[in-house]
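Trainee: Supplied in structure tokens, the structure appears directly below.
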Amino acid sequence: PNMPSGGTVWAAVLPEALGSVPLWNSPGRSTQRGQTVPLGDLVEVAESVTACGMTFYRLPALEDAWICDVNEKGKKIVGMAVREPHRFIYSCREKDGIDVRDVPTRVKKFRGREKLKHRQRVAISERITFASGDEWLKVEPPKEGWVPTLHGDGTVIMVKMGPLNQGGAPSGP
């Protein structure tokens, strides 16, 4: 996969998978491993192989297993995402607040216990951008988790306020 400067490429199990996605011993569907990657999970990708309308991604963190981007019916179930450092302060623009999620997905079961309030400012450490253009921010403690930058309809949820300095506080005057 193309590696962006300062970021890494990850495979994400999409909501369309409706559950876990199987892993394979090699790029092809001949030898399944008996292991799966759960819905919403992200796994770093080392390389990709495309053949017959399917793309397989090698996952070093899972003992070099391979994951396929489509299911048996040809439906896209694994998408690519770029994960990169992103040290900024953001403010929640959503009047009703926004749920902080355990993983960067819009699947409702992954809503966390925490919620950002309207106009609450938070420290962000990472950004992940999916191939679809959907962008998520990693919120630092005390409200740790992931929030989207936009609603599905494109309205803004999170607004960048300024950079973080090394200590975690906003930099500048």
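By convention here, the chains of the structure tokens are called A, B, ... in the order presented, each chain's residues are numbered starting at 1, and ligands are numbered starting at 1 in the order presented.
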May I have the residues within 10 Å of Val49 (chain A) as a JSON list (two decimals) with C-alpha atoms, in the first residue's frame, using only C-alpha atoms and disregarding those fewer than 4 positions away in the same chain?
Mentor:
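Okay, out00.json is ready:
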[["chain", "number", "residue", "atom", "x", "y", "z"],
["A", 1, "PRO", "CA", 0.00, 0.00, 0.00],
["A", 26, "SER", "CA", -1.67, -16.79, 2.20],
["A", 27, "PRO", "CA", -3.23, -14.40, -0.33],
["A", 28, "GLY", "CA", -6.07, -16.60, -1.55],
["A", 54, "MET", "CA", -9.85, -9.37, -4.46],
["A", 55, "THR", "CA", -7.16, -7.60, -2.45],
["A", 56, "PHE", "CA", -5.40, -9.40, 0.38],
["A", 57, "TYR", "CA", -3.47, -7.51, 3.07],
["A", 58, "ARG", "CA", -0.61, -9.02, 5.10],
["A", 66, "TRP", "CA", -3.77, -12.26, 5.36],
["A", 68, "CYS", "CA", -9.37, -10.19, 2.18]]
Trainee: Might you pull out every residue within 8 Å of region 100-106 of chain A, with only C-alpha atoms counted and same-chain residues fewer than 2 positions away left off, and present them as a ChimeraX atom specification?
Mentor: /A:14-15,40-41,98,108,110-116,136,139,143-148
Trainee: Where in region 10-99 of chain A does DSSP assign helix (DSSP H, G or I), given as a ChimeraX atom specification?
Mentor: /A:15-17,60-62
Trainee: Record the distance separating CA of Lys75 (chain A) and CA of Leu42 (chain A), expressed in Å with one decimal.
Mentor: 18.6 Å
Trainee: Kindly give the distance, in Å, that separates CA of Thr50 (chain A) and CA of Val78 (chain A), rounded to a single decimal.
Mentor: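 So the answer is 13.6 Å.
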Trainee: Applying 10 Å and only C-alpha atoms, which residues near Asp134 (chain A) remain after dropping the ones on its own chain fewer than 3 positions away? List them as a PDB file with all heavy atoms, in the first residue's frame.
Mentor:
ATOM      1  N   ALA A  81      -7.214   2.462   5.799  1.00  0.00           N
ATOM      2  CA  ALA A  81      -7.206   3.696   6.567  1.00  0.00           C
ATOM      3  C   ALA A  81      -5.755   4.113   6.805  1.00  0.00           C
ATOM      4  O   ALA A  81      -4.871   3.264   6.907  1.00  0.00           O
ATOM      5  CB  ALA A  81      -7.920   3.491   7.900  1.00  0.00           C
ATOM      6  N   PRO A 104     -12.839   3.432  16.051  1.00  0.00           N
ATOM      7  CA  PRO A 104     -13.342   4.417  15.097  1.00  0.00           C
ATOM      8  C   PRO A 104     -14.323   3.821  14.083  1.00  0.00           C
ATOM      9  O   PRO A 104     -13.968   3.507  12.955  1.00  0.00           O
ATOM     10  CB  PRO A 104     -12.069   4.941  14.419  1.00  0.00           C
ATOM     11  CG  PRO A 104     -11.095   3.834  14.543  1.00  0.00           C
ATOM     12  CD  PRO A 104     -11.438   3.111  15.808  1.00  0.00           C
ATOM     13  N   THR A 105     -15.562   3.644  14.518  1.00  0.00           N
ATOM     14  CA  THR A 105     -16.617   3.126  13.649  1.00  0.00           C
ATOM     15  C   THR A 105     -17.947   3.728  14.073  1.00  0.00           C
ATOM     16  O   THR A 105     -18.127   4.065  15.244  1.00  0.00           O
ATOM     17  CB  THR A 105     -16.701   1.581  13.702  1.00  0.00           C
ATOM     18  OG1 THR A 105     -17.752   1.148  12.838  1.00  0.00           O
ATOM     19  CG2 THR A 105     -16.946   1.067  15.097  1.00  0.00           C
ATOM     20  N   ILE A 128      -7.183   9.261  12.112  1.00  0.00           N
ATOM     21  CA  ILE A 128      -7.265   8.148  11.169  1.00  0.00           C
ATOM     22  C   ILE A 128      -8.247   8.558  10.076  1.00  0.00           C
ATOM     23  O   ILE A 128      -9.329   9.062  10.361  1.00  0.00           O
ATOM     24  CB  ILE A 128      -7.665   6.826  11.861  1.00  0.00           C
ATOM     25  CG1 ILE A 128      -7.525   5.667  10.891  1.00  0.00           C
ATOM     26  CG2 ILE A 128      -9.027   6.878  12.466  1.00  0.00           C
ATOM     27  CD1 ILE A 128      -7.440   4.315  11.556  1.00  0.00           C
ATOM     28  N   THR A 129      -7.808   8.377   8.825  1.00  0.00           N
ATOM     29  CA  THR A 129      -8.635   8.737   7.673  1.00  0.00           C
ATOM     30  C   THR A 129      -8.886   7.488   6.841  1.00  0.00           C
ATOM     31  O   THR A 129      -7.942   6.846   6.376  1.00  0.00           O
ATOM     32  CB  THR A 129      -7.933   9.815   6.816  1.00  0.00           C
ATOM     33  OG1 THR A 129      -7.570  10.917   7.659  1.00  0.00           O
ATOM     34  CG2 THR A 129      -8.843  10.304   5.704  1.00  0.00           C
ATOM     35  N   PHE A 130     -10.158   7.147   6.683  1.00  0.00           N
ATOM     36  CA  PHE A 130     -10.542   5.981   5.911  1.00  0.00           C
ATOM     37  C   PHE A 130     -10.569   6.316   4.425  1.00  0.00           C
ATOM     38  O   PHE A 130     -10.707   7.479   4.044  1.00  0.00           O
ATOM     39  CB  PHE A 130     -11.916   5.471   6.370  1.00  0.00           C
ATOM     40  CG  PHE A 130     -11.880   4.882   7.753  1.00  0.00           C
ATOM     41  CD1 PHE A 130     -12.047   5.676   8.871  1.00  0.00           C
ATOM     42  CD2 PHE A 130     -11.653   3.525   7.931  1.00  0.00           C
ATOM     43  CE1 PHE A 130     -12.002   5.137  10.153  1.00  0.00           C
ATOM     44  CE2 PHE A 130     -11.596   2.979   9.205  1.00  0.00           C
ATOM     45  CZ  PHE A 130     -11.772   3.791  10.310  1.00  0.00           C
ATOM     46  N   ALA A 131     -10.468   5.291   3.583  1.00  0.00           N
ATOM     47  CA  ALA A 131     -10.500   5.477   2.128  1.00  0.00           C
ATOM     48  C   ALA A 131     -11.780   6.203   1.701  1.00  0.00           C
ATOM     49  O   ALA A 131     -11.781   6.933   0.720  1.00  0.00           O
ATOM     50  CB  ALA A 131     -10.380   4.132   1.424  1.00  0.00           C
ATOM     51  N   PRO A 148     -15.700  11.060  15.516  1.00  0.00           N
ATOM     52  CA  PRO A 148     -15.621  11.478  14.116  1.00  0.00           C
ATOM     53  C   PRO A 148     -15.491  12.994  14.017  1.00  0.00           C
ATOM     54  O   PRO A 148     -15.924  13.714  14.916  1.00  0.00           O
ATOM     55  CB  PRO A 148     -16.959  11.003  13.539  1.00  0.00           C
ATOM     56  CG  PRO A 148     -17.891  11.007  14.707  1.00  0.00           C
ATOM     57  CD  PRO A 148     -17.047  10.672  15.914  1.00  0.00           C
ATOM     58  N   THR A 149     -14.899  13.485  12.942  1.00  0.00           N
ATOM     59  CA  THR A 149     -14.813  14.940  12.739  1.00  0.00           C
ATOM     60  C   THR A 149     -16.094  15.487  12.131  1.00  0.00           C
ATOM     61  O   THR A 149     -16.426  16.646  12.326  1.00  0.00           O
ATOM     62  CB  THR A 149     -13.623  15.323  11.832  1.00  0.00           C
ATOM     63  OG1 THR A 149     -13.768  14.655  10.576  1.00  0.00           O
ATOM     64  CG2 THR A 149     -12.307  14.968  12.479  1.00  0.00           C
ATOM     65  N   LEU A 150     -16.828  14.634  11.397  1.00  0.00           N
ATOM     66  CA  LEU A 150     -18.058  15.040  10.720  1.00  0.00           C
ATOM     67  C   LEU A 150     -19.169  14.019  10.957  1.00  0.00           C
ATOM     68  O   LEU A 150     -18.894  12.842  11.188  1.00  0.00           O
ATOM     69  CB  LEU A 150     -17.840  15.126   9.198  1.00  0.00           C
ATOM     70  CG  LEU A 150     -16.746  16.031   8.674  1.00  0.00           C
ATOM     71  CD1 LEU A 150     -16.577  15.837   7.173  1.00  0.00           C
ATOM     72  CD2 LEU A 150     -17.042  17.489   8.977  1.00  0.00           C
ATOM     73  N   HIS A 151     -20.415  14.473  10.853  1.00  0.00           N
ATOM     74  CA  HIS A 151     -21.553  13.557  10.804  1.00  0.00           C
ATOM     75  C   HIS A 151     -21.556  12.892   9.440  1.00  0.00           C
ATOM     76  O   HIS A 151     -20.909  13.371   8.504  1.00  0.00           O
ATOM     77  CB  HIS A 151     -22.869  14.327  10.982  1.00  0.00           C
ATOM     78  CG  HIS A 151     -23.190  14.658  12.397  1.00  0.00           C
ATOM     79  ND1 HIS A 151     -23.525  13.707  13.329  1.00  0.00           N
ATOM     80  CD2 HIS A 151     -23.240  15.845  13.044  1.00  0.00           C
ATOM     81  CE1 HIS A 151     -23.770  14.287  14.482  1.00  0.00           C
ATOM     82  NE2 HIS A 151     -23.591  15.586  14.343  1.00  0.00           N
ATOM     83  N   GLY A 152     -22.328  11.840   9.289  1.00  0.00           N
ATOM     84  CA  GLY A 152     -22.466  11.163   8.005  1.00  0.00           C
ATOM     85  C   GLY A 152     -22.944  12.096   6.897  1.00  0.00           C
ATOM     86  O   GLY A 152     -22.616  11.917   5.731  1.00  0.00           O
ATOM     87  N   GLY A 154     -22.045  15.178   6.600  1.00  0.00           N
ATOM     88  CA  GLY A 154     -21.010  16.176   6.324  1.00  0.00           C
ATOM     89  C   GLY A 154     -20.989  17.377   7.261  1.00  0.00           C
ATOM     90  O   GLY A 154     -20.107  18.225   7.151  1.00  0.00           O
TER      91      GLY A 154
END
